[in-house]
>>> print(open('structure-v1.csv').read())   # CSV, C-alpha atoms
chain,number,residue,atom,x,y,z
A,14,MET,CA,-14.2,7.4,3.8
A,15,ARG,CA,-16.6,10.4,3.6
A,16,LEU,CA,-20.1,10.0,4.4
A,17,ASN,CA,-23.2,11.6,3.0
A,18,LEU,CA,-25.9,12.4,5.3
A,19,VAL,CA,-29.1,12.7,3.3
A,20,LEU,CA,-31.8,14.2,5.4
A,21,ALA,CA,-35.3,13.6,4.6
A,22,PHE,CA,-37.9,15.3,6.7
A,23,ALA,CA,-41.4,14.2,7.3
A,24,LEU,CA,-43.6,17.2,7.8
A,25,ILE,CA,-46.9,16.2,9.1
A,26,GLY,CA,-49.4,18.5,10.7
A,27,ALA,CA,-49.7,18.1,14.4
A,28,GLY,CA,-53.0,17.9,16.1
A,29,TRP,CA,-55.0,15.6,18.3
A,30,GLY,CA,-57.1,13.0,16.6
A,31,LEU,CA,-60.2,11.3,17.8
A,32,PRO,CA,-59.8,9.1,20.8
A,33,LEU,CA,-61.3,5.6,20.3
A,34,LEU,CA,-62.8,4.0,23.4
A,35,ALA,CA,-63.9,0.4,23.8
A,36,HIS,CA,-63.9,-2.0,26.7
A,37,GLY,CA,-61.3,-0.3,28.8
A,38,VAL,CA,-58.8,0.0,26.0
A,39,GLU,CA,-58.0,3.5,25.1
A,40,LEU,CA,-56.3,4.4,21.8
A,41,GLU,CA,-55.3,7.9,21.1
A,42,HIS,CA,-53.5,9.0,18.1
A,43,ARG,CA,-51.6,12.1,17.3
A,44,GLN,CA,-49.6,13.0,14.3
A,45,VAL,CA,-46.2,14.4,15.1
A,46,SER,CA,-43.3,15.6,13.0
A,47,SER,CA,-40.4,13.4,12.8
A,48,VAL,CA,-37.0,13.7,11.3
A,49,GLU,CA,-35.5,10.9,9.2
A,50,ILE,CA,-31.9,10.7,8.4
A,51,VAL,CA,-30.2,8.4,5.8
A,52,ALA,CA,-26.6,7.7,6.3
A,53,ARG,CA,-24.5,6.5,3.4
A,54,PHE,CA,-20.9,6.1,2.6
A,55,ASP,CA,-19.7,8.1,-0.4
A,56,SER,CA,-19.3,4.9,-2.3
A,57,GLY,CA,-23.1,4.8,-2.2
A,58,GLU,CA,-23.6,1.9,0.2
A,59,PRO,CA,-25.9,2.5,3.2
A,60,MET,CA,-24.3,2.7,6.6
A,61,ALA,CA,-26.1,-0.2,8.3
A,62,GLN,CA,-26.3,-0.6,12.0
A,63,ALA,CA,-24.4,2.5,12.7
A,64,GLN,CA,-24.8,4.2,16.0
A,65,VAL,CA,-26.8,7.4,16.1
A,66,LEU,CA,-26.7,10.0,18.9
A,67,VAL,CA,-29.2,12.9,18.9
A,68,TYR,CA,-28.3,16.0,20.8
A,69,ALA,CA,-31.1,18.5,21.6
A,70,ALA,CA,-30.7,22.2,20.8
A,71,GLY,CA,-28.8,24.1,23.5
A,72,ASN,CA,-27.4,21.0,25.2
A,73,PRO,CA,-24.6,19.6,23.1
A,74,SER,CA,-23.0,17.7,26.0
A,75,GLU,CA,-25.9,15.4,26.9
A,76,VAL,CA,-27.3,12.7,24.6
A,77,TRP,CA,-31.0,13.3,24.1
A,78,GLN,CA,-31.7,10.0,22.2
A,79,GLN,CA,-29.6,7.1,21.1
A,80,GLY,CA,-30.2,4.4,18.5
A,81,THR,CA,-28.9,2.6,15.5
A,82,THR,CA,-29.6,2.9,11.8
A,83,ASP,CA,-31.4,0.0,10.0
A,84,ASP,CA,-30.0,-2.0,7.2
A,85,GLN,CA,-30.8,0.8,4.7
A,86,GLY,CA,-28.9,3.3,6.9
A,87,ARG,CA,-32.2,5.0,8.0
A,88,PHE,CA,-33.0,6.4,11.4
A,89,SER,CA,-35.8,8.6,12.5
A,90,PHE,CA,-36.7,10.4,15.7
A,91,VAL,CA,-39.3,12.9,16.9
A,92,PRO,CA,-37.7,16.1,18.1
A,93,ASP,CA,-39.2,17.8,21.1
A,94,ALA,CA,-41.0,20.9,19.6
A,95,THR,CA,-40.6,22.7,22.9
A,96,LEU,CA,-36.8,22.8,22.4
A,97,PRO,CA,-36.4,25.0,19.2
A,98,GLY,CA,-32.9,25.6,17.8
A,99,ASN,CA,-30.2,23.6,16.1
A,100,TRP,CA,-30.4,19.9,16.9
A,101,GLU,CA,-27.3,17.8,16.2
A,102,VAL,CA,-27.3,14.2,14.9
A,103,MET,CA,-24.1,12.3,15.0
A,104,VAL,CA,-23.7,9.0,13.1
A,105,ARG,CA,-20.7,6.9,13.8
A,106,GLN,CA,-19.4,3.5,12.8
A,107,ALA,CA,-15.9,2.2,13.1
A,108,GLY,CA,-14.2,5.5,13.1
A,109,HIS,CA,-16.3,6.9,10.2
A,110,GLY,CA,-19.0,9.4,10.9
A,111,ALA,CA,-20.6,12.7,10.4
A,112,ILE,CA,-22.6,15.3,12.2
A,113,ALA,CA,-25.7,17.0,10.8
A,114,THR,CA,-27.2,20.1,12.2
A,115,ILE,CA,-31.0,20.2,11.9
A,116,PRO,CA,-32.8,23.5,12.7
A,117,VAL,CA,-36.0,22.8,14.6
A,118,GLY,CA,-38.5,25.7,14.6
A,119,ALA,CA,-40.4,27.0,17.6
A,120,ALA,CA,-43.8,25.4,18.2
A,121,PRO,CA,-46.8,27.6,17.4
A,122,ALA,CA,-49.6,28.0,19.9
A,123,ALA,CA,-51.6,24.9,20.6
A,124,PRO,CA,-54.1,24.1,17.8
A,125,ALA,CA,-57.6,25.4,18.3
A,126,ASN,CA,-60.3,23.1,19.4
A,127,GLY,CA,-62.3,22.5,16.3
A,128,SER,CA,-63.5,19.6,14.2
A,129,GLU,CA,-61.1,20.4,11.4
A,130,PRO,CA,-57.5,19.5,12.0
A,131,ASP,CA,-55.1,22.4,12.1
A,132,MET,CA,-52.7,22.0,9.3
A,133,THR,CA,-50.0,24.2,10.7
A,134,PRO,CA,-46.9,22.2,11.2
A,135,GLY,CA,-46.0,21.9,14.8
A,136,VAL,CA,-42.3,21.7,14.0
A,137,GLU,CA,-40.5,23.3,11.2
A,138,VAL,CA,-37.4,21.6,10.1
A,139,GLY,CA,-35.0,22.4,7.3
A,140,SER,CA,-31.6,21.1,6.3
A,141,ALA,CA,-28.3,22.7,6.6
A,142,PRO,CA,-25.4,20.5,5.8
A,143,ASN,CA,-22.5,21.1,8.1
A,144,SER,CA,-19.9,22.6,5.9
A,145,LEU,CA,-17.0,22.0,8.2
A,146,ILE,CA,-17.6,18.2,8.4
A,147,SER,CA,-18.1,17.5,4.7
A,148,PRO,CA,-16.9,20.4,2.6
A,149,SER,CA,-17.3,18.7,-0.8
A,150,THR,CA,-21.0,18.0,-0.4
A,151,THR,CA,-21.7,21.5,-1.6
A,152,LEU,CA,-19.9,20.9,-5.0
A,153,SER,CA,-21.7,19.5,-8.0
A,154,PRO,CA,-20.2,16.5,-9.7
A,155,VAL,CA,-18.9,18.7,-12.5
A,156,GLN,CA,-17.3,21.2,-10.1
A,157,ARG,CA,-15.7,18.3,-8.2
A,158,GLY,CA,-14.4,16.7,-11.4
A,159,ILE,CA,-12.8,20.0,-12.5
A,160,THR,CA,-11.2,20.4,-9.0
A,161,ILE,CA,-9.9,16.9,-9.0
A,162,GLY,CA,-8.6,17.4,-12.5
A,163,SER,CA,-6.8,20.6,-11.6
A,164,VAL,CA,-5.1,19.0,-8.6
A,165,ILE,CA,-3.9,16.1,-10.8
A,166,TRP,CA,-2.7,18.4,-13.5
A,167,GLY,CA,-0.9,20.6,-10.9
A,168,LEU,CA,1.0,17.6,-9.6
A,169,ILE,CA,1.9,16.3,-13.1
A,170,GLY,CA,2.9,19.9,-14.1
A,171,THR,CA,5.2,20.1,-11.1
A,172,GLY,CA,6.7,16.8,-12.2
A,173,LEU,CA,7.2,18.0,-15.7
A,174,PHE,CA,8.7,21.3,-14.6
A,175,PHE,CA,11.4,19.6,-12.5
A,176,ALA,CA,12.0,16.9,-15.1
A,177,ARG,CA,12.7,19.5,-17.8
A,178,GLY,CA,15.5,21.3,-15.8
A,179,LYS,CA,17.6,18.1,-15.6
A,180,ARG,CA,17.8,17.3,-19.3
B,9,MET,CA,-9.1,4.5,6.6
B,10,HIS,CA,-8.9,8.3,6.8
B,11,ILE,CA,-10.1,9.6,10.1
B,12,PRO,CA,-12.7,12.4,9.5
B,13,ASP,CA,-13.2,15.6,11.5
B,14,GLY,CA,-15.0,15.3,14.8
B,15,ILE,CA,-14.0,11.8,15.6
B,16,LEU,CA,-10.9,12.3,17.7
B,17,PRO,CA,-10.5,14.6,20.7
B,18,ALA,CA,-8.6,17.9,20.2
B,19,GLN,CA,-5.5,16.7,22.1
B,20,VAL,CA,-5.1,13.8,19.8
B,21,CYS,CA,-5.4,16.0,16.7
B,22,ALA,CA,-2.8,18.4,18.2
B,23,ALA,CA,-0.4,15.6,18.9
B,24,GLY,CA,-0.9,14.3,15.4
B,25,TYR,CA,0.1,17.7,14.0
B,26,ALA,CA,3.1,17.8,16.3
B,27,ILE,CA,4.3,14.3,15.1
B,28,THR,CA,3.7,15.3,11.5
B,29,GLY,CA,5.6,18.5,11.9
B,30,LEU,CA,8.6,16.6,13.3
B,31,ALA,CA,8.5,13.9,10.6
B,32,THR,CA,8.2,16.5,7.8
B,33,TRP,CA,11.2,18.4,9.2
B,34,TYR,CA,13.2,15.2,9.4
B,35,SER,CA,12.2,14.1,5.8
B,36,LEU,CA,13.0,17.5,4.3
B,37,ARG,CA,16.4,17.6,6.1
B,38,GLN,CA,17.3,14.2,4.7
B,39,ILE,CA,16.2,15.3,1.2
B,40,ASN,CA,18.2,18.5,1.5
B,41,ARG,CA,21.4,16.5,2.3
B,42,ARG,CA,21.3,14.9,-1.1
B,43,PRO,CA,23.7,16.1,-3.8
B,44,ASP,CA,20.6,17.2,-5.9
B,45,PRO,CA,17.5,17.7,-3.8
B,46,THR,CA,15.2,18.4,-6.8
B,47,ALA,CA,16.2,15.3,-8.8
B,48,GLU,CA,13.5,13.1,-7.3
B,49,ILE,CA,10.7,15.7,-7.5
B,50,PRO,CA,9.2,14.6,-10.8
B,51,LYS,CA,8.8,11.0,-9.5
B,52,ALA,CA,7.5,12.2,-6.1
B,53,SER,CA,5.0,14.6,-7.8
B,54,LEU,CA,3.6,11.9,-10.1
B,55,LEU,CA,3.2,9.4,-7.3
B,56,THR,CA,1.5,12.1,-5.2
B,57,ALA,CA,-1.1,12.3,-8.0
B,58,ALA,CA,-1.5,8.5,-7.9
B,59,PHE,CA,-1.9,8.6,-4.2
B,60,PHE,CA,-4.5,11.3,-4.4
B,61,VAL,CA,-6.6,9.4,-6.9
B,62,ALA,CA,-6.1,5.9,-5.3
B,63,SER,CA,-8.4,6.7,-2.4
B,64,SER,CA,-11.3,7.0,-4.8
B,65,ILE,CA,-10.8,3.4,-6.0
B,66,TYR,CA,-13.0,1.0,-3.9
B,67,ILE,CA,-12.3,-2.7,-3.5
B,68,PRO,CA,-15.3,-4.6,-2.1
B,69,VAL,CA,-14.1,-6.9,0.7
B,70,PRO,CA,-17.4,-8.3,2.1
B,71,PRO,CA,-19.0,-7.1,4.3
B,72,ALA,CA,-17.3,-3.8,4.0
B,73,SER,CA,-15.6,-2.0,1.2
B,74,VAL,CA,-12.1,-0.6,1.4
B,75,HIS,CA,-10.2,1.8,-0.8
B,76,LEU,CA,-6.6,1.8,-1.9
B,77,ILE,CA,-4.1,3.7,0.2
B,78,LEU,CA,-0.8,3.1,-1.5
B,79,ASN,CA,1.3,4.5,1.4
B,80,GLY,CA,3.6,1.4,1.4
B,81,LEU,CA,4.2,1.8,-2.4
B,82,LEU,CA,5.0,5.5,-1.9
B,83,GLY,CA,7.5,4.6,0.8
B,84,VAL,CA,9.2,2.0,-1.3
B,85,MET,CA,9.4,4.1,-4.4
B,86,LEU,CA,10.1,7.5,-2.9
B,87,GLY,CA,12.1,7.1,0.3
B,88,TYR,CA,12.1,10.3,2.3
B,89,PHE,CA,10.0,12.0,-0.3
B,90,ALA,CA,7.1,9.8,0.8
B,91,PHE,CA,6.2,11.7,3.9
B,92,PRO,CA,5.8,15.2,2.2
B,93,ALA,CA,4.1,13.4,-0.7
B,94,ILE,CA,1.5,11.8,1.6
B,95,LEU,CA,1.0,15.0,3.5
B,96,ILE,CA,0.2,16.9,0.3
B,97,GLY,CA,-2.0,14.1,-1.1
B,98,LEU,CA,-4.0,14.0,2.2
B,99,PHE,CA,-4.4,17.7,2.2
B,100,PHE,CA,-6.0,17.7,-1.3
B,101,GLN,CA,-8.1,14.6,-0.4
B,102,ALA,CA,-9.5,16.3,2.6
B,103,LEU,CA,-10.2,19.5,0.6
B,104,VAL,CA,-11.5,18.0,-2.6
B,105,ILE,CA,-12.7,14.5,-2.1
B,106,GLY,CA,-13.8,14.9,1.5
B,107,HIS,CA,-11.7,11.9,2.8
B,108,GLY,CA,-10.2,12.7,6.1
B,109,GLY,CA,-10.4,16.3,7.4
B,110,ILE,CA,-8.4,19.4,8.1
B,111,THR,CA,-8.3,19.0,11.9
B,112,THR,CA,-7.2,15.4,11.5
B,113,LEU,CA,-4.7,16.0,8.7
B,114,GLY,CA,-1.8,15.6,11.2
B,115,VAL,CA,-3.1,12.4,12.6
B,116,ASN,CA,-3.7,10.9,9.2
B,117,ALA,CA,-0.4,12.0,7.8
B,118,ALA,CA,1.5,10.5,10.8
B,119,MET,CA,-0.7,7.3,10.5
B,120,MET,CA,0.1,6.7,6.9
B,121,GLY,CA,3.5,8.5,6.5
B,122,ILE,CA,5.5,6.9,9.2
B,123,PRO,CA,4.7,3.4,8.1
B,124,ALA,CA,5.7,4.6,4.6
B,125,MET,CA,9.1,5.5,5.9
B,126,LEU,CA,9.3,2.1,7.5
B,127,ALA,CA,8.4,0.5,4.2
B,128,TYR,CA,11.3,2.4,2.6
B,129,HIS,CA,13.8,1.0,5.2
B,130,ILE,CA,12.4,-2.5,4.7
B,131,PHE,CA,12.9,-2.2,1.0
B,132,GLN,CA,16.4,-0.8,1.4
B,133,SER,CA,17.4,-3.7,3.6
B,134,ARG,CA,17.0,-6.1,0.7
B,135,ASN,CA,20.7,-6.0,0.0
B,136,THR,CA,21.7,-6.8,3.5
B,137,LEU,CA,18.9,-9.1,4.9
B,138,GLY,CA,18.1,-10.7,1.6
B,139,LYS,CA,21.6,-11.8,0.5
B,140,VAL,CA,20.7,-15.4,0.2
B,141,LEU,CA,18.0,-14.8,-2.4
B,142,THR,CA,18.8,-14.3,-6.1
B,143,GLU,CA,18.3,-10.8,-7.6
B,144,PRO,CA,14.8,-10.5,-9.1
B,145,THR,CA,13.2,-12.6,-6.3
B,146,ARG,CA,14.9,-10.4,-3.6
B,147,THR,CA,13.7,-7.1,-5.0
B,148,GLY,CA,10.2,-8.4,-5.6
B,149,LEU,CA,9.9,-10.0,-2.1
B,150,PHE,CA,11.2,-6.9,-0.3
B,151,ALA,CA,8.9,-4.6,-2.4
B,152,PHE,CA,6.0,-6.9,-1.4
B,153,LEU,CA,7.0,-6.8,2.2
B,154,GLY,CA,7.3,-3.0,2.1
B,155,GLY,CA,3.9,-2.5,0.4
B,156,THR,CA,2.1,-4.9,2.7
B,157,LEU,CA,3.7,-3.9,6.0
B,158,GLY,CA,3.3,-0.2,5.1
B,159,LEU,CA,-0.4,-0.5,4.9
B,160,GLY,CA,-0.6,-3.1,7.7
B,161,ILE,CA,1.1,-0.9,10.3
B,162,ALA,CA,-1.0,2.0,9.2
B,163,ALA,CA,-4.2,-0.1,9.7
B,164,LEU,CA,-2.9,-1.1,13.2
B,165,ILE,CA,-2.3,2.6,14.1
B,166,PHE,CA,-5.9,3.4,12.9
B,167,LEU,CA,-7.3,0.5,15.0
B,168,ALA,CA,-5.5,1.7,18.1
B,169,LEU,CA,-6.4,5.4,17.6
B,170,ILE,CA,-10.1,4.6,17.1
B,171,ILE,CA,-10.5,2.0,19.8
B,172,PHE,CA,-8.9,4.1,22.5
B,173,ASN,CA,-11.0,7.1,21.6
B,174,ILE,CA,-14.6,5.7,21.6
B,175,PRO,CA,-16.7,8.4,23.2
B,176,ALA,CA,-18.4,7.3,26.4
B,177,GLU,CA,-21.9,7.8,25.0
B,178,LEU,CA,-21.5,5.1,22.3
B,179,ASP,CA,-22.2,1.4,22.8
B,180,ALA,CA,-18.5,0.4,23.2
B,181,GLY,CA,-19.0,-3.3,22.4
B,182,ALA,CA,-20.8,-2.7,19.1
B,183,GLU,CA,-18.4,0.0,18.1
B,184,ARG,CA,-15.4,-2.3,18.9
B,185,ALA,CA,-16.9,-5.1,16.8
B,186,ALA,CA,-17.4,-2.8,13.9
B,187,ILE,CA,-13.8,-1.4,14.2
B,188,LEU,CA,-12.4,-5.0,14.3
B,189,ALA,CA,-14.4,-6.0,11.2
B,190,LEU,CA,-13.1,-3.0,9.3
B,191,SER,CA,-9.5,-3.7,10.3
B,192,ILE,CA,-9.8,-7.3,9.2
B,193,ALA,CA,-11.1,-6.1,5.9
B,194,HIS,CA,-7.7,-4.4,5.4
B,195,VAL,CA,-5.8,-7.7,5.5
B,196,PRO,CA,-6.7,-8.6,1.9
B,197,LEU,CA,-6.1,-5.0,0.9
B,198,ALA,CA,-2.6,-5.1,2.4
B,199,LEU,CA,-1.8,-8.2,0.3
B,200,ILE,CA,-3.2,-6.6,-2.9
B,201,GLU,CA,-1.1,-3.4,-2.3
B,202,GLY,CA,1.9,-5.6,-1.6
B,203,LEU,CA,1.5,-7.5,-4.9
B,204,PHE,CA,0.9,-4.2,-6.7
B,205,THR,CA,4.1,-2.7,-5.2
B,206,ALA,CA,6.1,-5.8,-6.2
B,207,MET,CA,4.8,-5.7,-9.7
B,208,LEU,CA,5.5,-2.0,-10.1
B,209,VAL,CA,9.0,-2.3,-8.6
B,210,LEU,CA,9.9,-5.3,-10.8
B,211,PHE,CA,8.6,-3.4,-13.9
B,212,VAL,CA,10.7,-0.3,-13.0
B,213,ARG,CA,13.7,-2.5,-12.3
B,214,ARG,CA,13.5,-3.8,-15.8
B,215,VAL,CA,12.7,-0.5,-17.5
B,216,LYS,CA,14.6,2.2,-15.5
B,217,PRO,CA,16.5,0.6,-12.7
B,218,GLU,CA,18.2,3.8,-11.5
B,219,LEU,CA,14.8,5.0,-10.2
B,220,LEU,CA,15.1,2.4,-7.4
B,221,GLU,CA,18.4,3.6,-6.1
B,222,GLY,CA,17.2,6.6,-4.1
>>> encode(input="structure-v1.csv", output="structure tokens")
Amino acid sequence: MRLNLVLAFALIGAGWGLPLLAHGVELEHRQVSSVEIVARFDSGEPMAQAQVLVYAAGNPSEVWQQGTTDDQGRFSFVPDATLPGNWEVMVRQAGHGAIATIPVGAAPAAPANGSEPDMTPGVEVGSAPNSLISPSTTLSPVQRGITIGSVIWGLIGTGLFFARGKR
Amino acid sequence: MHIPDGILPAQVCAAGYAITGLATWYSLRQINRRPDPTAEIPKASLLTAAFFVASSIYIPVPPASVHLILNGLLGVMLGYFAFPAILIGLFFQALVIGHGGITTLGVNAAMMGIPAMLAYHIFQSRNTLGKVLTEPTRTGLFAFLGGTLGLGIAALIFLALIIFNIPAELDAGAERAAILALSIAHVPLALIEGLFTAMLVLFVRRVKPELLEG
């Protein structure tokens, strides 16, 4: 079964928010860029509870983060902006799986200290489906239909050709 | 049940190609020994088309969903043509539909093709092992056994291949449970394919019995 990895990317501007202080409890918030992946089988159903392994750029042998998808096949993680390059996400379940390569851009200089939040995204991400793993994701439904039709017609034609010679 | 690229280590993929090469050579040699090697090609070609399309037909078996394989049916109907037919069908499936992959083509072909050859021998043994049964029952029963066991053995090979190749980084317990669930989902599929094979063989036996002689 082939699996589609639909990658959705949340791009939120990075920058320090206002710290809230009260009675010894300190809350700080910060908006970071995260990457969300959605794993589905090509029959359309989500790949629930599949195991996800995230590999940081430049270190394909060591698992950077590990987790499982939820019931909708979703999983999200926050890539480390100090490690730009091609990150790899592998989703596997019961012998089915796929690998997606996610380019993570270099982090710009730290946002300036000002009252207005800097809207420059800290991490630039884009999608590049791995063509070796799922070659047919690049085809449109029409192209795929024509290809499948041609294959079937080729096989039927072969059958007709050899059937004709015998009669 | 197709194993995609990037799941198995390179050594296993290479071994799969080696086994597939041997099995293809053996099948083609058996075909070439026939009085007319091309006589069965129309049948083989049409069933290759059926095999190619079958993997797009999904059958929901809760909680998973499985798709038709038809390797047992090809074995019963085609004999030694089954292995080359499955190899060609898998190649186009990997290229066009995205089921399986080019690096794992050898593993997949061996996993489905060798049980298909076994299914052929099971079906051919109907005249020796099944002597006590009367004629239509005998053919139907052995076609059912061929279709069911062809898929069943392929599912067992799949199970073994995947379970012995779980990468160390994965949670092995959860992965093993998922693999077992998927394999159990193939039991009803094996019965469905067995019934389908028996129906097709009985139909062919009534309409064009010489097709079953090969």
>>> closest_residue(input="structure-v1.csv", among="B:Ala102, B:Met9, B:Ala180, B:Val20", to="Leu167 in chain B", atoms="all atoms listed in the file")
B:Met9
>>> closest_residue(input="structure-v1.csv", among="B:Ala93, B:Ile122, B:Leu169, B:Val74", to="Ala189 in chain B", atoms="only C-alpha atoms")
B:Val74
>>> interface_residues(input="structure-v1.csv", of="chain B", to="chain A", cutoff="7 Å", atoms="all atoms listed in the file", output="ChimeraX atom specification")
/B:9-13,15,46,49-51,53-54,57,104-107,170,183,186-187
>>> closest_residue(input="structure-v1.csv", among="B:Pro144, B:His129, B:Pro92, B:Met120", to="Ala52 in chain B", atoms="all atoms listed in the file")
B:Pro92
>>> atom_distance(input="structure-v1.csv", atom1="CA of Ile130 in chain B", atom2="CA of Gly154 in chain B")
5.7 Å
>>> closest_residue(input="structure-v1.csv", among="B:Leu157, B:Leu78, B:Ala58, B:Val115", to="Gly29 in chain B", atoms="only C-alpha atoms")
B:Val115
>>> residues_near_point(input="structure-v1.csv", point="(-24.4, 21.8, 17.1)", cutoff="8 Å", atoms="all atoms listed in the file", output="PyMOL selection string")
chain A and resi 68+70+73+99-101+114
>>> closest_residue(input="structure-v1.csv", among="B:Leu30, B:Ala22, B:Ile174, B:Leu141", to="Gly121 in chain B", atoms="all atoms listed in the file")
B:Leu30
>>> residues_near_point(input="structure-v1.csv", point="(9.7, 6.3, -6.1)", cutoff="12 Å", atoms="only C-alpha atoms", output="MDAnalysis selection string")
chainID B and resid 47:56 58:59 78:91 93 124 127:128 131 151 205 208:209 212:213 216:222
>>> atom_distance(input="structure-v1.csv", atom1="CA of Leu98 in chain B", atom2="CA of Leu188 in chain B")
24.0 Å
>>> atom_distance(input="structure-v1.csv", atom1="CA of Cys21 in chain B", atom2="CA of Gly114 in chain B")
6.6 Å
>>> build_atoms(input="structure-v1.csv", residues="range 177-193 of chain B", atoms="N, CA, C and O atoms", output="PDB file, in the coordinates of the input")
ATOM      1  N   GLU B 177     -20.508   7.915  25.258  1.00  0.00           N
ATOM      2  CA  GLU B 177     -21.900   7.800  25.000  1.00  0.00           C
ATOM      3  C   GLU B 177     -22.229   6.585  24.071  1.00  0.00           C
ATOM      4  O   GLU B 177     -23.339   6.090  24.020  1.00  0.00           O
ATOM      5  N   LEU B 178     -21.231   6.156  23.290  1.00  0.00           N
ATOM      6  CA  LEU B 178     -21.500   5.100  22.300  1.00  0.00           C
ATOM      7  C   LEU B 178     -21.505   3.744  23.007  1.00  0.00           C
ATOM      8  O   LEU B 178     -20.907   3.556  24.065  1.00  0.00           O
ATOM      9  N   ASP B 179     -22.206   2.807  22.386  1.00  0.00           N
ATOM     10  CA  ASP B 179     -22.200   1.400  22.800  1.00  0.00           C
ATOM     11  C   ASP B 179     -20.799   0.856  22.447  1.00  0.00           C
ATOM     12  O   ASP B 179     -20.542   0.534  21.301  1.00  0.00           O
ATOM     13  N   ALA B 180     -19.916   0.741  23.450  1.00  0.00           N
ATOM     14  CA  ALA B 180     -18.500   0.400  23.200  1.00  0.00           C
ATOM     15  C   ALA B 180     -18.355  -0.947  22.529  1.00  0.00           C
ATOM     16  O   ALA B 180     -17.525  -1.133  21.652  1.00  0.00           O
ATOM     17  N   GLY B 181     -19.173  -1.912  22.956  1.00  0.00           N
ATOM     18  CA  GLY B 181     -19.000  -3.300  22.400  1.00  0.00           C
ATOM     19  C   GLY B 181     -19.324  -3.324  20.935  1.00  0.00           C
ATOM     20  O   GLY B 181     -18.524  -3.855  20.159  1.00  0.00           O
ATOM     21  N   ALA B 182     -20.452  -2.719  20.532  1.00  0.00           N
ATOM     22  CA  ALA B 182     -20.800  -2.700  19.100  1.00  0.00           C
ATOM     23  C   ALA B 182     -19.816  -1.974  18.279  1.00  0.00           C
ATOM     24  O   ALA B 182     -19.431  -2.399  17.188  1.00  0.00           O
ATOM     25  N   GLU B 183     -19.340  -0.835  18.818  1.00  0.00           N
ATOM     26  CA  GLU B 183     -18.400   0.000  18.100  1.00  0.00           C
ATOM     27  C   GLU B 183     -17.063  -0.794  17.909  1.00  0.00           C
ATOM     28  O   GLU B 183     -16.466  -0.785  16.848  1.00  0.00           O
ATOM     29  N   ARG B 184     -16.658  -1.499  18.982  1.00  0.00           N
ATOM     30  CA  ARG B 184     -15.400  -2.300  18.900  1.00  0.00           C
ATOM     31  C   ARG B 184     -15.525  -3.357  17.850  1.00  0.00           C
ATOM     32  O   ARG B 184     -14.596  -3.587  17.074  1.00  0.00           O
ATOM     33  N   ALA B 185     -16.682  -4.044  17.808  1.00  0.00           N
ATOM     34  CA  ALA B 185     -16.900  -5.100  16.800  1.00  0.00           C
ATOM     35  C   ALA B 185     -16.798  -4.541  15.407  1.00  0.00           C
ATOM     36  O   ALA B 185     -16.166  -5.131  14.524  1.00  0.00           O
ATOM     37  N   ALA B 186     -17.412  -3.362  15.197  1.00  0.00           N
ATOM     38  CA  ALA B 186     -17.400  -2.800  13.900  1.00  0.00           C
ATOM     39  C   ALA B 186     -15.972  -2.366  13.481  1.00  0.00           C
ATOM     40  O   ALA B 186     -15.554  -2.534  12.324  1.00  0.00           O
ATOM     41  N   ILE B 187     -15.203  -1.848  14.457  1.00  0.00           N
ATOM     42  CA  ILE B 187     -13.800  -1.400  14.200  1.00  0.00           C
ATOM     43  C   ILE B 187     -12.984  -2.661  13.794  1.00  0.00           C
ATOM     44  O   ILE B 187     -12.204  -2.632  12.832  1.00  0.00           O
ATOM     45  N   LEU B 188     -13.170  -3.755  14.555  1.00  0.00           N
ATOM     46  CA  LEU B 188     -12.400  -5.000  14.300  1.00  0.00           C
ATOM     47  C   LEU B 188     -12.715  -5.491  12.884  1.00  0.00           C
ATOM     48  O   LEU B 188     -11.819  -5.867  12.128  1.00  0.00           O
ATOM     49  N   ALA B 189     -14.020  -5.490  12.527  1.00  0.00           N
ATOM     50  CA  ALA B 189     -14.400  -6.000  11.200  1.00  0.00           C
ATOM     51  C   ALA B 189     -13.757  -5.155  10.111  1.00  0.00           C
ATOM     52  O   ALA B 189     -13.240  -5.693   9.130  1.00  0.00           O
ATOM     53  N   LEU B 190     -13.738  -3.828  10.319  1.00  0.00           N
ATOM     54  CA  LEU B 190     -13.100  -3.000   9.300  1.00  0.00           C
ATOM     55  C   LEU B 190     -11.633  -3.222   9.202  1.00  0.00           C
ATOM     56  O   LEU B 190     -11.063  -3.242   8.109  1.00  0.00           O
ATOM     57  N   SER B 191     -10.976  -3.442  10.343  1.00  0.00           N
ATOM     58  CA  SER B 191      -9.500  -3.700  10.300  1.00  0.00           C
ATOM     59  C   SER B 191      -9.204  -4.982   9.631  1.00  0.00           C
ATOM     60  O   SER B 191      -8.232  -5.067   8.878  1.00  0.00           O
ATOM     61  N   ILE B 192     -10.028  -6.015   9.883  1.00  0.00           N
ATOM     62  CA  ILE B 192      -9.800  -7.300   9.200  1.00  0.00           C
ATOM     63  C   ILE B 192      -9.946  -7.189   7.737  1.00  0.00           C
ATOM     64  O   ILE B 192      -9.223  -7.808   6.962  1.00  0.00           O
ATOM     65  N   ALA B 193     -10.876  -6.316   7.308  1.00  0.00           N
ATOM     66  CA  ALA B 193     -11.100  -6.100   5.900  1.00  0.00           C
ATOM     67  C   ALA B 193      -9.824  -5.515   5.217  1.00  0.00           C
ATOM     68  O   ALA B 193      -9.675  -5.574   4.004  1.00  0.00           O
TER      69      ALA B 193
END
